[in-house]
Every structure is written in structure tokens, then in C-alpha cells.
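J.: For reference, this is query-v1.cif, and it has mmCIF, C-alpha atoms.
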data_structure
#
loop_
_atom_site.label_atom_id
_atom_site.label_comp_id
_atom_site.auth_asym_id
_atom_site.auth_seq_id
_atom_site.Cartn_x
_atom_site.Cartn_y
_atom_site.Cartn_z
CA MET A 1 32.67 15.45 -84.51
CA ILE A 2 30.72 15.51 -81.25
CA LYS A 3 30.23 19.06 -79.97
CA SER A 4 32.20 18.67 -76.73
CA ASP A 5 35.15 17.19 -78.60
CA GLY A 6 34.91 19.97 -81.18
CA ILE A 7 35.14 22.57 -78.43
CA ALA A 8 38.32 20.95 -77.05
CA VAL A 9 39.87 20.75 -80.52
CA GLY A 10 38.89 24.36 -81.17
CA ALA A 11 40.59 25.42 -77.94
CA ALA A 12 43.72 23.49 -78.97
CA CYS A 13 43.78 25.17 -82.38
CA SER A 14 43.26 28.57 -80.73
CA LEU A 15 46.27 27.92 -78.51
CA ILE A 16 48.38 27.01 -81.54
CA ILE A 17 47.27 30.13 -83.43
CA ALA A 18 47.94 32.32 -80.38
CA ALA A 19 51.42 30.82 -79.95
CA ALA A 20 52.17 31.48 -83.60
CA GLY A 21 50.89 35.05 -83.41
CA VAL A 22 52.60 36.01 -80.17
CA GLY A 23 55.79 34.29 -81.31
CA ALA A 24 55.81 36.28 -84.55
CA TRP A 25 55.26 39.49 -82.57
CA LEU A 26 58.15 38.66 -80.22
CA LEU A 27 60.43 38.05 -83.20
CA ALA A 28 59.33 41.34 -84.78
CA THR A 29 60.13 43.23 -81.58
CA GLY A 30 63.61 41.73 -81.30
CA VAL A 31 63.04 39.20 -78.52
CA ARG A 32 65.50 36.34 -78.94
CA ILE A 33 63.21 33.32 -78.89
CA GLU A 34 65.28 31.49 -81.55
CA VAL A 35 62.12 29.91 -82.97
CA TYR A 36 61.38 31.15 -86.48
CA ALA A 37 58.19 29.19 -87.19
CA PRO A 38 56.61 29.62 -83.77
CA PRO A 39 55.72 27.60 -81.83
CA LEU A 40 57.88 25.09 -83.78
CA PHE A 41 61.65 25.21 -83.99
CA GLY A 42 62.34 25.75 -87.66
CA TRP A 43 61.88 28.14 -90.54
CA LEU A 44 58.93 28.83 -92.80
CA SER A 45 59.88 27.24 -96.13
CA PRO A 46 56.98 26.21 -98.37
CA ARG A 47 58.16 23.43 -100.70
CA VAL A 48 57.46 20.07 -102.26
CA GLY A 49 59.98 17.29 -102.76
CA PRO A 50 60.61 13.65 -103.64
CA GLY A 51 58.57 12.43 -100.68
CA THR A 52 55.48 14.52 -101.46
CA PRO A 53 53.61 11.99 -103.65
CA ALA A 54 54.15 9.20 -101.12
CA VAL A 55 53.05 11.43 -98.24
CA ILE A 56 49.81 12.43 -99.98
CA GLY A 57 49.09 8.87 -101.11
CA LEU A 58 49.72 7.37 -97.68
CA ALA A 59 47.66 10.10 -96.03
CA ILE A 60 44.61 9.38 -98.20
CA ILE A 61 44.87 5.60 -97.85
CA ALA A 62 45.45 5.75 -94.11
CA VAL A 63 42.56 8.09 -93.39
CA LEU A 64 40.21 5.91 -95.44
CA LEU A 65 41.36 2.48 -94.28
CA ALA A 66 43.44 2.59 -91.08
CA GLN A 67 40.67 2.44 -88.50
CA ARG A 68 38.74 -0.30 -90.28
CA PHE A 69 41.91 -2.33 -90.84
CA ALA A 70 42.93 -2.07 -87.19
CA ALA A 71 39.46 -3.15 -86.07
CA VAL A 72 39.00 -6.33 -88.15
CA GLN A 73 42.41 -7.83 -88.95
CA SER A 74 44.31 -10.26 -86.75
CA TRP A 75 46.43 -8.63 -84.06
CA ARG A 76 49.61 -10.05 -85.54
CA ARG A 77 48.82 -8.54 -88.94
CA VAL A 78 47.86 -5.22 -87.39
CA MET A 79 51.20 -5.08 -85.58
CA ILE A 80 53.26 -5.93 -88.65
CA ILE A 81 51.42 -3.66 -91.08
CA GLY A 82 51.22 -0.92 -88.46
CA TYR A 83 54.97 -0.95 -87.90
CA LEU A 84 55.76 -0.98 -91.63
CA THR A 85 53.28 1.83 -92.22
CA ALA A 86 54.86 3.90 -89.44
CA ILE A 87 58.25 3.50 -91.13
CA ALA A 88 56.83 4.36 -94.55
CA TRP A 89 55.02 7.42 -93.16
CA THR A 90 58.09 8.65 -91.29
CA VAL A 91 60.48 8.15 -94.19
CA SER A 92 58.08 9.71 -96.71
CA LEU A 93 57.74 12.83 -94.57
CA ALA A 94 61.51 13.14 -94.22
CA MET A 95 62.00 12.54 -97.94
CA ILE A 96 60.19 15.77 -98.76
CA ASP A 97 63.72 17.17 -98.40
CA GLY A 98 65.38 14.16 -100.04
CA TRP A 99 67.64 11.58 -98.42
CA SER A 100 70.65 13.79 -97.82
CA GLY A 101 68.61 16.81 -96.75
CA GLY A 102 65.85 15.02 -94.87
CA LEU A 103 67.54 12.01 -93.31
CA GLY A 104 71.21 11.30 -93.88
CA SER A 105 72.67 14.64 -92.81
CA ARG A 106 70.47 15.51 -89.85
CA LEU A 107 72.80 14.16 -87.14
CA THR A 108 76.08 15.20 -88.72
CA ASN A 109 76.06 18.97 -88.16
CA GLY A 110 78.23 20.68 -85.59
CA HIS A 111 75.59 20.62 -82.84
CA GLU A 112 74.85 16.89 -83.04
CA TYR A 113 76.10 13.63 -81.60
CA LEU A 114 78.04 12.24 -84.57
CA HIS A 115 80.21 15.37 -84.63
CA GLU A 116 81.93 14.30 -81.40
CA LEU A 117 82.49 10.58 -82.06
CA GLY A 118 86.02 11.15 -83.28
CA ARG A 119 87.01 12.35 -79.81
CA ILE A 120 86.08 9.04 -78.17
CA THR A 121 88.92 6.54 -77.87
CA SER A 122 87.23 4.10 -75.49
CA LEU A 123 83.83 3.84 -73.89
CA GLY A 124 85.30 3.62 -70.40
CA GLU A 125 87.29 6.81 -70.71
CA PHE A 126 84.35 8.57 -72.37
CA LEU A 127 82.01 7.78 -69.46
CA ALA A 128 84.59 8.55 -66.79
CA THR A 129 85.42 11.99 -68.19
CA PHE A 130 82.09 12.93 -69.77
CA SER A 131 81.01 15.37 -67.05
CA ASP A 132 84.27 17.27 -67.30
CA HIS A 133 83.19 18.69 -70.66
CA ILE A 134 79.52 19.55 -70.10
CA LEU A 135 79.91 23.24 -69.22
CA ASP A 136 80.31 25.65 -72.11
CA PHE A 137 83.06 28.20 -72.80
CA GLN A 138 85.91 25.95 -71.72
CA PRO A 139 88.48 23.90 -73.66
CA GLY A 140 87.01 20.61 -74.79
CA SER A 141 83.35 21.49 -74.17
CA TRP A 142 80.99 19.05 -75.81
CA THR A 143 78.81 20.32 -78.63
CA THR A 144 75.23 21.33 -77.79
CA HIS A 145 73.31 18.07 -77.99
CA VAL A 146 76.08 15.92 -76.55
CA ALA A 147 76.48 18.23 -73.55
CA GLY A 148 72.72 18.55 -73.08
CA HIS A 149 72.13 14.81 -72.71
CA PRO A 150 73.59 12.02 -70.61
CA PRO A 151 76.32 10.00 -72.33
CA GLY A 152 74.07 7.05 -73.18
CA VAL A 153 72.99 8.29 -76.59
CA THR A 154 76.44 9.38 -77.77
CA GLY A 155 77.85 6.12 -76.43
CA LEU A 156 75.29 4.15 -78.45
CA PHE A 157 76.21 5.94 -81.67
CA TRP A 158 79.89 5.26 -80.94
CA LEU A 159 79.14 1.54 -80.46
CA PHE A 160 77.21 1.50 -83.73
CA GLN A 161 80.20 3.12 -85.42
CA GLN A 162 82.53 0.49 -83.97
CA ALA A 163 80.21 -2.17 -85.40
CA GLY A 164 80.52 -0.64 -88.88
CA LEU A 165 77.27 1.32 -88.73
CA GLY A 166 78.76 4.79 -88.54
CA GLY A 167 77.79 7.97 -90.35
CA GLY A 168 74.61 9.92 -90.89
CA ASP A 169 72.92 7.36 -93.15
CA TRP A 170 73.15 4.54 -90.65
CA ALA A 171 72.20 6.85 -87.79
CA ALA A 172 69.03 7.80 -89.68
CA VAL A 173 68.14 4.17 -90.39
CA ILE A 174 68.68 3.15 -86.76
CA ILE A 175 66.60 6.02 -85.41
CA VAL A 176 63.68 5.37 -87.76
CA VAL A 177 63.70 1.61 -87.20
CA VAL A 178 63.86 1.96 -83.41
CA GLY A 179 61.71 5.07 -83.17
CA CYS A 180 58.82 3.57 -85.12
CA LEU A 181 58.65 0.73 -82.60
CA ALA A 182 56.79 3.20 -80.36
CA ALA A 183 53.86 3.13 -82.81
CA VAL A 184 53.21 -0.54 -82.07
CA ALA A 185 54.82 -1.00 -78.64
CA VAL A 186 52.41 1.44 -76.99
CA PRO A 187 49.29 -0.39 -78.26
CA ALA A 188 50.93 -3.69 -77.26
CA THR A 189 51.22 -2.36 -73.70
CA VAL A 190 47.55 -1.35 -73.68
CA ARG A 191 46.51 -4.78 -74.95
CA ALA A 192 48.63 -6.53 -72.33
CA LEU A 193 46.86 -4.50 -69.65
CA GLY A 194 43.53 -6.05 -70.57
CA ALA A 195 42.21 -3.48 -73.05
CA PRO A 196 42.48 -5.15 -76.49
CA GLU A 197 39.79 -3.02 -78.16
CA ALA A 198 41.40 0.18 -76.87
CA ALA A 199 44.71 -1.04 -78.28
CA ARG A 200 43.15 -1.44 -81.71
CA ARG A 201 41.51 1.98 -81.56
CA ILE A 202 44.77 3.79 -80.88
CA ILE A 203 46.85 2.09 -83.59
CA PRO A 204 45.94 4.63 -86.30
CA PHE A 205 46.84 7.50 -83.96
CA THR A 206 50.25 6.10 -82.94
CA VAL A 207 51.18 4.98 -86.45
CA LEU A 208 50.16 8.31 -88.00
CA LEU A 209 51.22 10.52 -85.09
CA PRO A 210 52.25 13.95 -86.43
CA GLY A 211 55.37 13.46 -84.31
CA ALA A 212 56.65 11.20 -87.10
CA LEU A 213 57.94 14.48 -88.54
CA TRP A 214 60.57 14.46 -85.78
CA VAL A 215 61.09 10.72 -85.51
CA GLY A 216 62.61 11.15 -88.98
CA VAL A 217 65.06 12.14 -87.88
CA SER A 218 66.03 13.20 -84.36
CA ALA A 219 67.53 11.12 -81.59
CA ASP A 220 64.40 11.81 -79.54
CA GLY A 221 62.62 9.42 -81.90
CA LEU A 222 65.05 6.72 -80.82
CA PHE A 223 64.35 7.61 -77.17
CA ALA A 224 60.61 7.15 -77.77
CA GLY A 225 61.15 3.72 -79.29
CA VAL A 226 63.44 2.52 -76.50
CA ALA A 227 61.07 3.74 -73.76
CA ALA A 228 57.94 2.29 -75.38
CA ALA A 229 59.58 -1.04 -76.17
CA GLY A 230 60.96 -1.32 -72.63
CA LEU A 231 57.57 -0.71 -71.04
CA ALA A 232 55.84 -3.12 -73.42
CA LEU A 233 58.30 -5.91 -72.65
CA VAL A 234 57.93 -5.44 -68.90
CA VAL A 235 54.12 -5.29 -68.91
CA VAL A 236 53.78 -8.27 -71.25
CA GLY A 237 56.17 -10.27 -69.09
CA VAL A 238 54.57 -9.22 -65.81
CA ARG A 239 51.13 -10.40 -66.97
CA SER A 240 52.37 -13.49 -68.87
CA ARG A 241 51.65 -17.08 -67.84
CA TRP A 242 54.69 -18.26 -69.77
CA PRO A 243 57.35 -19.81 -67.49
CA GLY A 244 59.98 -17.73 -69.25
CA TRP A 245 58.43 -14.43 -68.12
CA PRO A 246 61.70 -13.20 -66.49
CA VAL A 247 63.26 -12.80 -69.96
CA PRO A 248 61.00 -10.00 -71.27
CA VAL A 249 60.70 -8.45 -67.80
CA PHE A 250 64.47 -8.26 -67.33
CA ALA A 251 65.12 -7.13 -70.92
CA GLY A 252 62.44 -4.46 -70.65
CA GLY A 253 63.86 -3.33 -67.34
CA LEU A 254 67.29 -2.87 -68.93
CA LEU A 255 65.76 -0.70 -71.65
CA LEU A 256 63.83 1.36 -69.10
CA GLY A 257 67.02 1.73 -67.08
CA LEU A 258 68.77 3.09 -70.15
CA VAL A 259 66.05 5.69 -70.81
CA PRO A 260 67.16 8.35 -68.27
CA TYR A 261 70.73 7.91 -69.55
CA LEU A 262 69.52 8.94 -73.01
CA SER A 263 67.78 12.14 -71.88
CA TYR A 264 67.62 13.67 -68.40
CA GLY A 265 63.99 14.71 -68.79
CA LEU A 266 62.96 11.12 -69.40
CA ILE A 267 63.32 10.41 -65.71
CA LEU A 268 59.69 11.58 -65.78
CA TYR A 269 58.81 8.49 -67.82
CA GLY A 270 58.87 6.79 -64.44
CA LEU A 271 55.37 8.21 -63.89
CA VAL A 272 54.12 6.25 -66.90
CA VAL A 273 55.85 3.10 -65.66
CA ALA A 274 54.33 3.61 -62.20
CA ALA A 275 50.87 4.02 -63.75
CA ALA A 276 51.31 0.77 -65.70
CA ALA A 277 52.49 -0.98 -62.53
CA GLY A 278 49.46 0.27 -60.64
CA LEU A 279 47.16 -1.08 -63.35
CA THR A 280 48.77 -4.53 -63.18
CA LEU A 281 48.37 -4.55 -59.40
CA ARG A 282 44.71 -3.67 -59.81
CA LEU A 283 44.24 -6.47 -62.32
CA ASP A 284 46.41 -9.21 -60.80
CA GLY A 285 46.99 -8.27 -57.18
CA ARG A 286 50.20 -8.58 -55.24
CA ARG A 287 51.30 -11.71 -57.11
CA VAL A 288 52.97 -9.46 -59.71
CA LEU A 289 55.07 -7.57 -57.17
CA GLY A 290 57.92 -10.05 -57.52
CA ARG A 291 57.95 -9.58 -61.26
CA TRP A 292 58.10 -5.81 -60.93
CA LEU A 293 61.03 -6.29 -58.52
CA VAL A 294 62.86 -8.14 -61.31
CA ALA A 295 62.27 -5.17 -63.63
CA THR A 296 63.36 -2.76 -60.91
CA GLY A 297 66.52 -4.77 -60.39
CA ALA A 298 67.33 -4.52 -64.10
CA VAL A 299 66.81 -0.74 -63.99
CA ALA A 300 69.11 -0.51 -60.99
CA LEU A 301 71.79 -2.55 -62.76
CA VAL A 302 71.97 0.01 -65.56
CA ALA A 303 72.29 2.86 -63.07
CA ILE A 304 74.97 1.00 -61.14
CA ALA A 305 76.91 0.28 -64.34
CA PHE A 306 76.95 3.91 -65.46
CA THR A 307 77.86 5.14 -61.99
CA ALA A 308 80.64 2.57 -61.60
CA ALA A 309 81.99 3.64 -64.99
CA GLY A 310 82.38 7.18 -63.66
CA PHE A 311 79.22 9.01 -64.73
CA ALA A 312 76.98 10.16 -61.89
CA TRP A 313 73.57 11.01 -63.36
CA TRP A 314 72.68 13.57 -60.69
CA GLU A 315 75.97 15.43 -61.17
CA GLY A 316 75.43 15.49 -64.91
CA LEU A 317 71.95 16.93 -64.42
CA SER A 318 73.30 19.70 -62.20
CA LEU A 319 75.94 20.61 -64.76
CA VAL A 320 73.42 20.53 -67.61
CA HIS A 321 71.20 22.93 -65.68
CA THR A 322 74.11 25.36 -65.63
CA ARG A 323 74.96 24.72 -69.30
CA TYR A 324 71.31 25.22 -70.28
CA TYR A 325 71.35 28.77 -68.98
CA GLN A 326 74.74 29.47 -70.56
CA GLY A 327 72.97 29.43 -73.92
CA VAL A 328 69.80 30.72 -75.54
CA ALA A 329 67.62 29.54 -72.65
CA THR A 330 68.67 32.65 -70.77
CA ASP A 331 66.99 34.83 -73.40
CA ARG A 332 63.96 32.67 -74.17
CA PRO A 333 61.10 34.07 -72.02
CA TYR A 334 59.53 31.52 -69.70
CA ALA A 335 56.25 33.48 -69.74
CA TYR A 336 55.86 32.69 -73.45
CA PHE A 337 57.22 29.17 -73.66
CA VAL A 338 55.38 27.84 -70.62
CA TRP A 339 52.21 27.84 -72.73
CA ALA A 340 53.67 27.90 -76.27
CA ASN A 341 55.40 24.61 -75.46
CA LEU A 342 51.97 23.06 -75.08
CA ALA A 343 50.94 24.45 -78.47
CA ALA A 344 53.97 22.77 -80.06
CA PHE A 345 53.09 19.56 -78.26
CA LEU A 346 49.53 19.69 -79.61
CA ILE A 347 50.92 19.95 -83.13
CA MET A 348 53.07 16.90 -82.44
CA VAL A 349 50.22 14.72 -81.12
CA GLY A 350 47.37 16.32 -83.08
CA PRO A 351 44.76 18.75 -81.71
CA ILE A 352 42.29 15.88 -81.24
CA MET A 353 44.35 14.80 -78.23
CA ALA A 354 42.96 17.79 -76.32
CA ALA A 355 39.52 16.15 -76.57
CA ALA A 356 41.02 12.76 -75.69
CA VAL A 357 42.63 14.12 -72.51
CA VAL A 358 39.33 15.69 -71.44
CA ARG A 359 37.60 12.35 -71.94
CA ALA A 360 40.36 10.62 -69.98
CA VAL A 361 39.66 12.83 -66.98
CA ARG A 362 35.94 12.06 -67.23
CA ALA A 363 36.65 8.32 -67.43
CA LEU A 364 38.46 8.12 -64.10
CA PRO A 365 36.76 6.33 -61.19
CA GLY A 366 34.92 8.77 -58.95
CA ILE A 367 34.31 11.23 -61.78
CA GLY A 368 30.66 11.52 -62.69
CA GLY A 369 29.63 9.25 -59.83
CA ARG A 370 31.23 6.08 -61.21
CA SER A 371 33.00 3.84 -58.71
CA ARG A 372 34.11 1.15 -61.16
CA VAL A 373 35.48 1.59 -64.66
CA ALA A 374 36.12 -1.26 -67.12
CA PRO A 375 39.72 -1.80 -68.30
CA GLU A 376 38.80 -0.67 -71.82
CA GLN A 377 38.20 2.80 -70.36
CA LEU A 378 40.44 2.74 -67.29
CA VAL A 379 43.68 1.74 -69.01
CA PRO A 380 43.67 4.49 -71.69
CA ALA A 381 42.47 7.04 -69.12
CA VAL A 382 45.20 6.28 -66.57
CA LEU A 383 48.06 5.92 -69.05
CA GLY A 384 46.98 8.88 -71.19
CA LEU A 385 46.78 11.13 -68.15
CA ALA A 386 50.10 9.83 -66.82
CA GLY A 387 51.66 10.85 -70.13
CA PHE A 388 50.04 14.27 -69.94
CA ALA A 389 51.24 14.70 -66.35
CA THR A 390 54.84 14.16 -67.49
CA VAL A 391 54.34 16.88 -70.11
CA LEU A 392 53.04 19.35 -67.53
CA LEU A 393 55.90 18.65 -65.13
CA ALA A 394 58.49 18.99 -67.88
CA ASP A 395 56.85 22.22 -69.00
CA LEU A 396 56.71 23.81 -65.56
CA SER A 397 60.35 22.89 -64.86
CA GLY A 398 61.58 25.67 -67.16
CA LEU A 399 64.09 23.24 -68.69
CA SER A 400 62.01 22.84 -71.85
CA LYS A 401 61.82 26.15 -73.67
CA ALA A 402 60.91 25.39 -77.27
CA GLU A 403 61.72 22.28 -79.34
CA THR A 404 59.18 20.31 -77.31
CA GLU A 405 57.73 18.88 -80.52
CA ARG A 406 60.75 16.55 -80.52
CA ILE A 407 61.84 16.55 -76.87
CA TRP A 408 58.44 15.28 -75.68
CA LEU A 409 58.05 12.58 -78.36
CA PRO A 410 58.23 9.72 -75.82
CA PHE A 411 55.42 11.35 -73.83
CA GLY A 412 53.40 12.07 -76.96
CA TYR A 413 52.96 8.40 -77.81
CA VAL A 414 51.67 7.78 -74.29
CA VAL A 415 49.19 10.67 -74.41
CA ALA A 416 47.90 9.22 -77.69
CA ILE A 417 46.56 6.25 -75.72
CA ALA A 418 43.71 8.47 -74.54
CA ALA A 419 42.42 8.53 -78.13
CA ALA A 420 40.85 5.14 -77.40
CA LEU A 421 38.18 6.99 -75.42
CA LEU A 422 36.99 9.03 -78.38
CA PRO A 423 33.66 8.07 -79.99
CA ALA A 424 33.96 6.78 -83.55
CA VAL A 425 32.80 9.99 -85.24
CA SER A 426 35.29 12.14 -83.31
CA ALA A 427 38.08 9.64 -83.85
CA ARG A 428 37.56 9.64 -87.63
CA ALA A 429 37.43 13.42 -87.88
CA GLY A 430 40.33 13.88 -85.44
CA LEU A 431 42.56 11.41 -87.29
CA ALA A 432 41.83 13.07 -90.63
CA PHE A 433 42.59 16.51 -89.21
CA SER A 434 45.84 15.31 -87.61
CA VAL A 435 47.02 13.75 -90.87
CA LEU A 436 46.13 16.92 -92.80
CA LEU A 437 47.98 19.05 -90.25
CA THR A 438 51.02 16.79 -90.58
CA VAL A 439 51.07 17.12 -94.36
CA VAL A 440 50.73 20.91 -94.17
CA VAL A 441 53.42 21.38 -91.52
CA ALA A 442 55.79 19.01 -93.34
CA HIS A 443 55.56 21.12 -96.49
CA LEU A 444 55.48 24.51 -94.78
CA VAL A 445 58.12 24.31 -92.03
CA TRP A 446 61.71 23.22 -92.44
CA THR A 447 63.27 21.86 -89.25
CA PRO A 448 66.87 20.81 -88.60
CA TRP A 449 65.62 17.41 -87.34
#
What's the C-alpha cells form of this structure?

T.:
Amino acid sequence: MIKSDGIAVGAACSLIIAAAGVGAWLLATGVRIEVYAPPLFGWLSPRVGPGTPAVIGLAIIAVLLAQRFAAVQSWRRVMIIGYLTAIAWTVSLAMIDGWSGGLGSRLTNGHEYLHELGRITSLGEFLATFSDHILDFQPGSWTTHVAGHPPGVTGLFWLFQQAGLGGGDWAAVIIVVVGCLAAVAVPATVRALGAPEAARRIIPFTVLLPGALWVGVSADGLFAGVAAAGLALVVVGVRSRWPGWPVPVFAGGLLLGLVPYLSYGLILYGLVVAAAAGLTLRLDGRRVLGRWLVATGAVALVAIAFTAAGFAWWEGLSLVHTRYYQGVATDRPYAYFVWANLAAFLIMVGPIMAAAVVRAVRALPGIGGRSRVAPEQLVPAVLGLAGFATVLLADLSGLSKAETERIWLPFGYVVAIAAALLPAVSARAGLAFSVLLTVVVAHLVWTPW
């Protein structure tokens, strides 16, 4: 690994070690941080399980072959094999605890979405009365995750149930299938923005992202897939010469419109969308403005539909802010989590992303005396930094104290784009280290998602 990249990775590892050490000290002194494998939400539980052989086998094969495969195979094959590998990697990691312990039961406990589906009699009534049950300590209060999110995600699970896809098993399958789309949708966006080589370079990092530990299975994995797929559809459509371009642009806009109704914090994903829009304007000029207006119209339609149905997003956010501080967030010290959150995030994306972000800053126009930067450097720099900016804003808000290894999954896939800027030697070493870290954490820490 190149020395400057090694220094950045070393700093990232030092932050993780410090967060673990200080977190352990806080627990020992009785501070209620409610994080028992700091900085990760979970419990130390060394173990092996049914998924262990597959995890180790995939890890070895991927580290040896992934980068070469992504570089020389056809794009179509890279996309297909990349997506299937992401699913295999995610499921294998979850299967360390078996199907019922690692996948099928994760969304059925008393704090999760499926727990409340029996209360819903119709989607219209659910949306119209949803905000009435957000606050805690009152009759009919929603359970933790339902109350802490907009009604979009619970509504989706209810619709799946109505279609015969109810229960924890189907929920796990849906989340993994949709969540793993992020592994290929993000590179597809980069390619559509005129950086095909950068897209190939990031495939191993998105497919093998340590965050796969939480894609299998938490609803935040689904959020990541929806957001990434929506952006990819819009960007591909905006830059397409196909006469049917409105179809992907409108469909992608609907998905992006749904994103903030899945998680309040994902309103920040708008920064990533804005960065992508700016890149298309730089590449194609004002001729794409009309296409972005189509996408914006689709986003607005989703907001109008939810509001007309009786759920006002801004009112829900205000109530969730109150609910957030009715629980453990009141006790969790901001002074610790404001930096420990970043340590958890670095575990989720891999410590090599610290070096990638530094290189992204250096690649920007005007840095180092450069006035023009080629798309192969500009696209990963702008998008990677946009993703990192969303993380910083979410962190400073004080509304993300712990659990950021899953909450920031949609942002993590975007930050991974910056890995395209790493030189080959750093990329190989960084990928190997990230995969090793994933295997160790998967076998050392038990998480409820």
C-alpha cells in the first residue's frame, strides 16, 4: 500500500480502536450507551456457523479474482456476476447464525416493522392516522422502528403481505434482493456519468462492502437498494439517446421520491442526487434540464400522494425528534457518538475508504493547481465526497447516536465510489483488509440485524 494511503488507513483503524476502548470504558463506568460491542450495536459473541465455510471460500476467491474479473469481462457479465456475488456474500454472512437466527427472524421481533402489520386494516387509514401514534408512552404507540421511520417502509411490508409475501422469511428475501441492487446500481451510475473505468474499479468494493453484514438483514439494506436504483435509472435516462428516456427517468424519480418516506435521514440523499445532476450538466449542458424536471416531477408526485393521504412528512419528522429523545438517545452522550459514529461507519465501508476520501479531495478541480479534471477522476471524487458530506451532516445532527453501521448504508455505497481513485496496489491491499475485517466482525459480533 502506498505510504499516504497507509497513513489514512492507520488513522481510520486508530479511530475504530479508540471508539472501542472508550466505549468499553463508558460501559464499565455505568454510562448507558446501549452499545455492547462498541462502536457497533451488538454483543461480543465469537462463533462459527453454517455460513462460515461459504464466507471464507467467497472471501478468498473474491480477493484473488474480483478486481481482475471486473477489469476484463464484458460489462453485462460484470453486472450479472457482481449482483449474484453480492447476494451470495450477504446471505453467507447472515447464515453464520443460520436461516432462522440470521435472516428469517430479524424483522419479526417486538421492535420491528412486521410486529405492527396486524394493526393495519387499510393503507389509507394507516397513512392518515400514522402520526397519531409516533410519540411514546401513550395508548397505541407504534413500536420503535415503525415510529422512528416514515410510514413508507411499514406500508411496503403490508403490501407485500397482502400479495402473499408476508412473514420474516419473505421480508428477508425481499431486503436482500433489493438491497444488493446497490452493489451494481452505484457502478452503473458512475458508468453512465462517463467514467466506465472508474465504474469497473469500484465493483469489488460495492459487491464486497462490509456493510453487507447489515444488508442481511435490516430494512436499511432495502433503503440502500431503492436509493441506488432510483439514482441509476434517472442518470441513465437523463444521458440516454433512446427516445424512450422518460421511462427510466420517471421510474427513477418515483423511487427517489419514495426514499425520504422510508427513512427521514435519507432526505440528505438529495445531496448525492444534486451532485449527479451537476455532473450531467457539466457533461451535457442545459439540454438535460428538461429531463431532470421530469425526474423532479416524479419525486413531487410521491410527496403529493403521501401528503394527500394524510401523512405530512415534516410533521412526522418533528414528532420523531420528540420520540427519539423519549428513549435511549437521551442517555447516549453526543460527545462520544459524534466521533464513534464515524468509527462504526468506517467498519461498514472498510478503513480503506479513509484513503479514498482523501484522494477524492485531492482530485477536485482547483486542488493542487489543476483547473480541469477528467471524468474518470471527477465523477468518483464528486460523488464520493457528496456521500461523505451526507454522513457528516447526519452525524452532526445528533439524530444518529449509534447504529450508524446500518443507518448510513445508503451513504456508504456512495462513499465507496471514491475507491476508484486508489492506485492498484492500495486498492488490492485495501480490498483484502476490508474483506478480512468483514469476516472477523461477522464471527465476533452478534447484531440484531

J.: For segment 229-238 of chain A, please output as an NGL selection string all residues within 7 Å (counting all atoms listed in the file; exclusion window: fewer than 4 positions along the same chain).

T.: :A and (181-182 or 185-186 or 188-189 or 192 or 225 or 245-246 or 248-249 or 252-253 or 255-256 or 273 or 288 or 291-292 or 295)

J.: Name the residues that the PyMOL selection byres ((chain A and resi 405) around 6) picks from the file above, as a list in words, using the file's chain letters and numbers.

T.: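 What the PyMOL selection byres ((chain A and resi 405) around 6) grabs from the file is Ala344, Phe345, Met348, Glu403, Thr404, Arg406 and Ile407 of chain A.
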
J.: Just how far from atom CA of Ala66 of chain A is atom CA of Ala88 of chain A, in Å to one decimal?

T.: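 Between atom CA of Ala88 of chain A and atom CA of Ala66 of chain A the gap works out to 13.9 Å.
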
J.: Excluding same-chain residues fewer than 4 positions from Gly257 of chain A, what lies within 10 Å of it counting only C-alpha atoms, as an MDAnalysis selection string?

T.: chainID A and resid 227 230 251:253 261:262 267 270 295:304

J.: Using all atoms listed in the file, which of A:Phe411, A:Pro50, A:Leu378, A:Ala8 sits nearest Gly101 of chain A?

T.: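 With all atoms listed in the file as the atom set, the closest residue is A:Pro50.
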
J.: Which of these, A:Gln161, A:Ser74, A:Gln377, A:Ser218, has the shortest distance to Glu112 of chain A once you count only C-alpha atoms?

T.: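 Among the listed residues, A:Ser218 lies closest to Glu112 of chain A.
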
J.: I need the output of the PyMOL selection byres ((chain A and resi 217) around 10) for this file as a compact mmCIF listing (two decimals) with C-alpha atoms, in the coordinates of the input; which residues are they?

T.:
# COMPACT_ATOMS: atom_id res chain seq x y z
CA THR A 90 58.09 8.65 -91.29
CA VAL A 91 60.48 8.15 -94.19
CA LEU A 93 57.74 12.83 -94.57
CA ALA A 94 61.51 13.14 -94.22
CA GLY A 102 65.85 15.02 -94.87
CA LEU A 103 67.54 12.01 -93.31
CA GLY A 104 71.21 11.30 -93.88
CA SER A 105 72.67 14.64 -92.81
CA ARG A 106 70.47 15.51 -89.85
CA LEU A 107 72.80 14.16 -87.14
CA ALA A 171 72.20 6.85 -87.79
CA ALA A 172 69.03 7.80 -89.68
CA VAL A 173 68.14 4.17 -90.39
CA ILE A 174 68.68 3.15 -86.76
CA ILE A 175 66.60 6.02 -85.41
CA VAL A 176 63.68 5.37 -87.76
CA GLY A 179 61.71 5.07 -83.17
CA ALA A 212 56.65 11.20 -87.10
CA LEU A 213 57.94 14.48 -88.54
CA TRP A 214 60.57 14.46 -85.78
CA VAL A 215 61.09 10.72 -85.51
CA GLY A 216 62.61 11.15 -88.98
CA SER A 218 66.03 13.20 -84.36
CA ALA A 219 67.53 11.12 -81.59
CA ASP A 220 64.40 11.81 -79.54
CA GLY A 221 62.62 9.42 -81.90
CA LEU A 222 65.05 6.72 -80.82
CA ARG A 406 60.75 16.55 -80.52
CA THR A 447 63.27 21.86 -89.25
CA PRO A 448 66.87 20.81 -88.60
CA TRP A 449 65.62 17.41 -87.34

J.: Record the distance separating atom CA of Ser92 of chain A and atom CA of Gly51 of chain A, expressed in Å with one decimal.

T.: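 Going from atom CA of Ser92 of chain A over to atom CA of Gly51 of chain A, I get 4.8 Å.
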
J.: Residues picked by the PyMOL selection byres ((chain A and resi 384) around 7) here, as a CSV table (one decimal) with C-alpha atoms, keeping the file's coordinate frame?

T.:
chain,number,residue,atom,x,y,z
A,357,VAL,CA,42.6,14.1,-72.5
A,360,ALA,CA,40.4,10.6,-70.0
A,380,PRO,CA,43.7,4.5,-71.7
A,381,ALA,CA,42.5,7.0,-69.1
A,382,VAL,CA,45.2,6.3,-66.6
A,383,LEU,CA,48.1,5.9,-69.0
A,385,LEU,CA,46.8,11.1,-68.2
A,386,ALA,CA,50.1,9.8,-66.8
A,387,GLY,CA,51.7,10.8,-70.1
A,388,PHE,CA,50.0,14.3,-69.9
A,414,VAL,CA,51.7,7.8,-74.3
A,415,VAL,CA,49.2,10.7,-74.4
A,416,ALA,CA,47.9,9.2,-77.7
A,417,ILE,CA,46.6,6.2,-75.7
A,418,ALA,CA,43.7,8.5,-74.5

J.: Take the point (58.8, 37.6, -74.8) in the file's coordinates, draw a sphere of radius 12 Å around it, and report as a PyMOL selection string every protein, DNA or RNA residue with an atom inside or on it, counting all atoms listed in the file.

T.: chain A and resi 19+21-35+330-340+401

J.: Out of A:Ser14, A:Asp5, A:Ser141, A:Thr52, which residue has the shortest atom-to-atom distance to Ala442 of chain A when counting only C-alpha atoms?

T.: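 Going through A:Ser14, A:Asp5, A:Ser141, A:Thr52 one by one, the smallest distance to Ala442 of chain A is for A:Thr52.
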
J.: For a test of reading the model, state the distance in Å between atom CA of Trp43 of chain A and atom CA of Gln326 of chain A, rounded to one decimal.

T.: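 These atoms are spaced 23.8 Å apart.
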